[in-house]
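Coordinates as given in entry_18.csv (CSV, C-alpha atoms):
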chain,number,residue,atom,x,y,z
Q,1,MET,CA,0.0,0.0,0.0
Q,2,ALA,CA,1.4,3.3,-1.0
Q,3,THR,CA,-0.8,5.5,1.0
Q,4,THR,CA,1.3,5.2,4.2
Q,5,TRP,CA,5.0,5.0,4.7
Q,6,ALA,CA,6.1,1.4,4.7
Q,7,ASP,CA,9.3,1.6,6.8
Q,8,ASP,CA,9.9,3.9,9.7
Q,9,SER,CA,13.7,3.2,9.6
Q,10,GLU,CA,14.1,4.5,6.0
Q,11,THR,CA,14.6,8.1,5.0
Q,12,LYS,CA,11.3,9.3,3.4
Q,13,ILE,CA,10.8,12.0,0.8
Q,14,LEU,CA,7.5,13.2,-0.4
Q,15,TYR,CA,7.6,15.2,-3.7
Q,16,VAL,CA,4.6,17.3,-4.7
Q,17,GLN,CA,4.0,18.1,-8.3
Q,18,THR,CA,1.4,20.8,-9.1
Q,19,HIS,CA,2.3,21.5,-12.7
Q,20,GLY,CA,0.6,19.7,-15.6
Q,21,ALA,CA,0.9,18.7,-19.2
Q,22,ASP,CA,0.7,22.3,-20.5
Q,23,ASP,CA,4.1,23.1,-18.9
Q,24,PRO,CA,6.4,20.3,-20.2
Q,25,GLY,CA,9.5,22.0,-18.9
Q,26,ARG,CA,8.3,21.5,-15.3
Q,27,SER,CA,7.1,17.9,-15.9
Q,28,ALA,CA,10.2,15.7,-15.5
Q,29,THR,CA,12.4,17.0,-12.7
Q,30,PRO,CA,10.3,15.5,-9.9
Q,31,PHE,CA,10.7,12.1,-11.5
Q,32,PHE,CA,14.5,12.6,-11.9
Q,33,LEU,CA,14.9,13.6,-8.2
Q,34,ALA,CA,12.5,10.8,-7.1
Q,35,ALA,CA,14.5,8.2,-9.0
Q,36,SER,CA,17.8,9.5,-7.5
Q,37,ALA,CA,16.3,9.3,-4.0
Q,38,ALA,CA,15.0,5.8,-4.6
Q,39,ALA,CA,18.4,4.8,-5.8
Q,40,MET,CA,19.8,6.1,-2.5
Q,41,GLU,CA,17.4,3.6,-0.8
Q,42,PHE,CA,15.0,6.3,0.4
Q,43,GLU,CA,11.3,5.6,0.4
Q,44,VAL,CA,9.8,8.0,-2.1
Q,45,LYS,CA,6.4,9.1,-3.1
Q,46,ILE,CA,5.2,11.8,-5.5
Q,47,TYR,CA,1.8,13.4,-4.9
Q,48,PHE,CA,0.2,15.0,-7.9
Q,49,THR,CA,-2.2,17.8,-7.1
Q,50,MET,CA,-3.7,20.9,-8.9
Q,51,TYR,CA,-2.7,20.3,-12.5
Q,52,GLY,CA,-0.2,17.5,-11.7
Q,53,PRO,CA,-2.5,14.6,-12.4
Q,54,THR,CA,-2.6,15.5,-16.1
Q,55,LEU,CA,1.1,14.3,-16.4
Q,56,LEU,CA,-0.1,10.8,-15.6
Q,57,ARG,CA,-2.7,10.6,-18.4
Q,58,LYS,CA,-2.4,7.5,-20.6
Q,59,ASP,CA,-2.8,9.7,-23.6
Q,60,VAL,CA,-0.1,12.2,-22.5
Q,61,VAL,CA,2.9,10.2,-21.2
Q,62,ASP,CA,4.0,9.2,-24.7
Q,63,LYS,CA,3.4,12.6,-26.3
Q,64,ILE,CA,5.3,15.0,-24.1
Q,65,GLY,CA,8.6,15.1,-22.3
Q,66,PRO,CA,10.6,17.9,-20.6
Q,67,LYS,CA,11.5,19.3,-24.0
Q,68,GLY,CA,8.0,19.1,-25.5
Q,69,ASP,CA,7.9,16.6,-28.3
Q,70,GLN,CA,11.7,16.2,-28.5
Q,71,GLY,CA,13.8,13.7,-26.7
Q,72,GLN,CA,12.6,11.0,-24.2
Q,73,PRO,CA,8.8,11.0,-23.5
Q,74,LEU,CA,7.5,11.4,-19.9
Q,75,ARG,CA,6.8,7.6,-19.8
Q,76,TYR,CA,10.5,6.9,-19.8
Q,77,PHE,CA,11.1,9.1,-16.7
Q,78,ILE,CA,8.0,7.9,-14.9
Q,79,GLU,CA,9.0,4.2,-15.4
Q,80,GLN,CA,12.6,5.0,-14.4
Q,81,ALA,CA,11.2,6.2,-11.1
Q,82,THR,CA,8.5,3.6,-10.5
Q,83,SER,CA,10.9,0.7,-11.4
Q,84,LEU,CA,13.0,1.9,-8.4
Q,85,GLY,CA,10.0,1.8,-6.1
Q,86,VAL,CA,8.7,5.4,-6.3
Q,87,ARG,CA,5.0,5.4,-5.7
Q,88,LEU,CA,2.5,7.8,-7.4
Q,89,LEU,CA,-0.4,9.4,-5.6
Q,90,VAL,CA,-3.3,11.7,-6.7
Q,91,CYS,CA,-6.2,13.2,-4.9
Q,92,GLN,CA,-9.8,13.0,-6.1
Q,93,PRO,CA,-10.4,16.8,-6.2
Q,94,SER,CA,-7.4,17.2,-8.5
Q,95,LEU,CA,-8.9,14.5,-10.8
Q,96,ASP,CA,-12.1,16.4,-10.8
Q,97,LEU,CA,-10.4,19.7,-11.4
Q,98,ASN,CA,-8.9,18.3,-14.6
Q,99,ASP,CA,-12.0,16.3,-15.6
Q,100,LEU,CA,-10.2,13.0,-15.1
Q,101,VAL,CA,-11.1,9.7,-13.6
Q,102,LEU,CA,-8.5,7.2,-12.3
Q,103,ASP,CA,-8.9,5.0,-15.3
Q,104,ASP,CA,-7.6,7.9,-17.5
Q,105,LEU,CA,-4.2,7.6,-15.8
Q,106,ILE,CA,-1.4,5.1,-16.2
Q,107,ASP,CA,-1.5,2.0,-14.1
Q,108,GLY,CA,-0.2,2.0,-10.6
Q,109,VAL,CA,-1.5,5.4,-9.5
Q,110,GLU,CA,-3.2,5.4,-6.1
Q,111,VAL,CA,-5.8,7.9,-4.7
Q,112,ILE,CA,-5.4,9.5,-1.3
Q,113,GLY,CA,-7.1,12.4,0.4
Q,114,GLY,CA,-6.0,15.5,2.3
Q,115,ALA,CA,-5.7,13.7,5.6
Q,116,ALA,CA,-3.5,10.9,4.2
Q,117,PHE,CA,-1.4,13.6,2.4
Q,118,ASN,CA,-0.9,15.6,5.6
Q,119,ASP,CA,0.0,12.4,7.5
Q,120,LEU,CA,2.6,11.5,4.9
Q,121,ALA,CA,4.0,15.0,4.9
Q,122,ALA,CA,4.1,15.2,8.7
Q,123,SER,CA,6.0,11.9,8.9
Q,124,ALA,CA,8.4,12.5,6.0
Q,125,ASP,CA,12.0,13.6,6.4
Q,126,ALA,CA,11.5,16.1,3.6
Q,127,VAL,CA,8.6,17.4,1.5
Q,128,ILE,CA,9.6,19.0,-1.7
Q,129,SER,CA,7.1,20.9,-3.8
Q,130,PHE,CA,7.1,21.9,-7.4
U,1,MET,CA,45.5,11.3,-12.0
U,2,SER,CA,45.4,7.5,-11.7
U,3,GLU,CA,45.2,5.8,-8.3
U,4,PRO,CA,47.7,3.0,-8.3
U,5,THR,CA,46.5,1.7,-5.0
U,6,ALA,CA,42.9,1.2,-6.2
U,7,PRO,CA,41.9,-2.4,-6.6
U,8,PRO,CA,40.8,-3.8,-9.9
U,9,ALA,CA,37.1,-3.7,-10.5
U,10,ASP,CA,34.9,-6.8,-10.7
U,11,GLU,CA,32.6,-5.0,-13.0
U,12,VAL,CA,32.7,-1.9,-15.2
U,13,LEU,CA,29.5,0.2,-15.7
U,14,ASP,CA,29.8,2.6,-18.6
U,15,CYS,CA,27.6,5.7,-18.1
U,16,THR,CA,29.6,8.0,-20.3
U,17,GLY,CA,27.3,10.4,-22.1
U,18,LEU,CA,24.4,9.8,-19.7
U,19,ALA,CA,23.0,12.6,-17.7
U,20,CYS,CA,21.6,12.8,-14.1
U,21,PRO,CA,20.0,10.8,-12.7
U,22,LEU,CA,21.1,7.8,-14.8
U,23,PRO,CA,24.6,7.3,-13.4
U,24,VAL,CA,23.2,7.1,-9.9
U,25,VAL,CA,20.2,4.9,-10.9
U,26,LYS,CA,22.3,2.5,-12.9
U,27,THR,CA,24.9,2.3,-10.2
U,28,ALA,CA,22.3,1.4,-7.6
U,29,GLN,CA,21.0,-1.3,-9.9
U,30,ALA,CA,24.5,-2.6,-10.8
U,31,ILE,CA,25.8,-2.8,-7.3
U,32,LYS,CA,23.0,-5.2,-6.4
U,33,ASN,CA,24.4,-7.6,-9.0
U,34,LEU,CA,27.7,-7.8,-7.1
U,35,SER,CA,28.5,-9.7,-4.0
U,36,PRO,CA,29.5,-7.9,-0.8
U,37,GLY,CA,33.2,-7.0,-1.1
U,38,GLN,CA,33.2,-6.8,-4.9
U,39,VAL,CA,34.1,-3.5,-6.6
U,40,LEU,CA,32.2,-1.7,-9.3
U,41,GLU,CA,33.9,0.9,-11.5
U,42,LEU,CA,31.6,3.5,-12.8
U,43,LEU,CA,32.6,5.5,-15.9
U,44,ALA,CA,30.7,8.8,-16.3
U,45,THR,CA,30.9,12.2,-17.9
U,46,ASP,CA,28.1,13.9,-16.1
U,47,PRO,CA,29.8,16.9,-14.4
U,48,GLY,CA,27.8,16.3,-11.2
U,49,VAL,CA,28.7,12.7,-10.8
U,50,GLU,CA,31.4,13.2,-8.1
U,51,PRO,CA,29.2,14.9,-5.5
U,52,ASP,CA,26.3,12.6,-6.5
U,53,MET,CA,28.3,9.4,-5.9
U,54,ARG,CA,29.7,10.7,-2.6
U,55,ALA,CA,26.2,11.3,-1.4
U,56,TRP,CA,24.9,8.0,-2.8
U,57,SER,CA,27.7,6.0,-1.2
U,58,SER,CA,27.3,7.7,2.1
U,59,ARG,CA,23.6,7.1,2.2
U,60,THR,CA,23.6,3.5,1.0
U,61,GLY,CA,26.5,2.5,3.1
U,62,ASN,CA,28.6,1.4,0.2
U,63,GLU,CA,32.3,2.3,0.2
U,64,LEU,CA,33.6,4.9,-2.2
U,65,LEU,CA,37.2,3.8,-2.9
U,66,GLY,CA,38.3,6.6,-5.2
U,67,ILE,CA,37.4,9.0,-7.9
U,68,SER,CA,39.8,9.9,-10.7
U,69,LYS,CA,39.3,11.8,-13.9
U,70,GLN,CA,41.0,10.8,-17.1
U,71,ALA,CA,40.3,13.2,-20.0
U,72,ASP,CA,36.6,13.9,-19.6
U,73,VAL,CA,35.7,10.7,-17.9
U,74,PHE,CA,35.3,10.2,-14.2
U,75,HIS,CA,36.4,6.7,-12.9
U,76,ILE,CA,34.6,5.9,-9.7
U,77,LEU,CA,35.4,2.8,-7.7
U,78,ILE,CA,32.8,1.6,-5.2
U,79,ARG,CA,32.9,-1.5,-3.1
U,80,ARG,CA,29.6,-3.2,-2.2
U,81,VAL,CA,29.6,-3.4,1.6
U,82,LYS,CA,26.3,-5.1,2.6
Exercise: express the given structure as structure tokens:
Amino acid sequence: MATTWADDSETKILYVQTHGADDPGRSATPFFLAASAAAMEFEVKIYFTMYGPTLLRKDVVDKIGPKGDQGQPLRYFIEQATSLGVRLLVCQPSLDLNDLVLDDLIDGVEVIGGAAFNDLAASADAVISF
Amino acid sequence: MSEPTAPPADEVLDCTGLACPLPVVKTAQAIKNLSPGQVLELLATDPGVEPDMRAWSSRTGNELLGISKQADVFHILIRRVK
């Protein structure tokens, strides 16, 4: 379950991504940093809120990357992070804001609410917001 | 700038031309394929790789044996500890 921290003994970082698919230059860095953190054996989650969930759309991840339609697509950076154990979280109001349902997003994304987010944030070693 | 005292590597991981975070990510994966005590030599050209690998080694408990730079390539020796 990704909605709580699994291991009290590990360093935990929670990244927050608020930017969406209309701002590709801000799309990939949280995935880079999350992958680096996971490679350092940290427990890592990324919470997508505001426009963030649009980055996880099935019909977006292959179309944009940090340099727009040039270079590696977002799916590459997302899978690099998730293959190292990074977990992806969204909240329902942000799905609503962007007229999305969970099925519109790539597999593996989990839904949390404000209380779970605050609990994760309060018990993380660092919360980094973009 | 060679380090004659450095042990030979059991495996070489070539990350030349790859940018952050790939050298760190690939090192983390490669070290898992070694046995404790074995040495990985990472080759990288990312200019941030030296502070990155110092931080990574310190955090993961693996031993950074040495960093040297030959031409534009960093040679980083890491011993898997646990």
Problem set entry | U:Leu42 environment, 10 Å, only C-alpha atoms, sequence neighbours closer than 2 positions dropped, as a list in words | Ala9, Glu11, Val12, Leu13, Asp14, Cys15, Thr16, Pro23, Val24, Lys26, Thr27, Ala30, Val39, Leu40, Ala44, Val49, Met53, Ile67, Val73, Phe74, His75, Ile76, Leu77 and Ile78 of chain U
Problem set entry | Counting all atoms listed in the file, the option among Q:Asp8, Q:Asp23, Q:Asp62, Q:Glu41 closest to chain U |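 For chain U, the nearest of the given residues is Q:Glu41.
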For this session: Kindly give the distance, in Å, that separates atom CA of Q:Ala38 and atom CA of Q:Ala81, rounded to a single decimal.
Result: 7.5 Å
For this session: Give as a ChimeraX atom specification every residue, naming chains and numbers as the document does, that has an atom within 12 Å of (11.0, 3.4, -14.2), counting only C-alpha atoms.
Result: /Q:31-32,34-36,38-39,74-88,108 /U:21-22,25-26,29
Hey, can you spit out that residue selection with C-alpha atoms as a CSV table (one decimal), in the frame of the given file?
chain,number,residue,atom,x,y,z
Q,31,PHE,CA,10.7,12.1,-11.5
Q,32,PHE,CA,14.5,12.6,-11.9
Q,34,ALA,CA,12.5,10.8,-7.1
Q,35,ALA,CA,14.5,8.2,-9.0
Q,36,SER,CA,17.8,9.5,-7.5
Q,38,ALA,CA,15.0,5.8,-4.6
Q,39,ALA,CA,18.4,4.8,-5.8
Q,74,LEU,CA,7.5,11.4,-19.9
Q,75,ARG,CA,6.8,7.6,-19.8
Q,76,TYR,CA,10.5,6.9,-19.8
Q,77,PHE,CA,11.1,9.1,-16.7
Q,78,ILE,CA,8.0,7.9,-14.9
Q,79,GLU,CA,9.0,4.2,-15.4
Q,80,GLN,CA,12.6,5.0,-14.4
Q,81,ALA,CA,11.2,6.2,-11.1
Q,82,THR,CA,8.5,3.6,-10.5
Q,83,SER,CA,10.9,0.7,-11.4
Q,84,LEU,CA,13.0,1.9,-8.4
Q,85,GLY,CA,10.0,1.8,-6.1
Q,86,VAL,CA,8.7,5.4,-6.3
Q,87,ARG,CA,5.0,5.4,-5.7
Q,88,LEU,CA,2.5,7.8,-7.4
Q,108,GLY,CA,-0.2,2.0,-10.6
U,21,PRO,CA,20.0,10.8,-12.7
U,22,LEU,CA,21.1,7.8,-14.8
U,25,VAL,CA,20.2,4.9,-10.9
U,26,LYS,CA,22.3,2.5,-12.9
U,29,GLN,CA,21.0,-1.3,-9.9
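Separating atom CA of Q:Lys63 from atom CA of Q:Val16 is a distance of 22.1 Å.
Between atom CA of Q:Glu110 and atom CA of Q:Val127 there is a distance of 18.5 Å.
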For this session: Rank Q:Ala37, Q:Leu14, Q:Val90, Q:Ala126 by their smallest atom-to-atom distance to Q:Leu105, using all atoms listed in the file, and report the top residue only.
Result: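 That would be Q:Val90, the residue with the smallest distance to Q:Leu105.
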Exercise. Which of these, U:Asp72, U:Leu43, U:Ala28, U:Arg80, has the shortest distance to U:Trp56 once you count only C-alpha atoms?
Worked result: U:Ala28
Problem set entry | Residue neighbourhood Q:Asp59, 12 Å, all atoms listed in the file, exclusion window fewer than 2 positions, as a ChimeraX atom specification | /Q:21,54-57,61-64,73-75,100,103-106
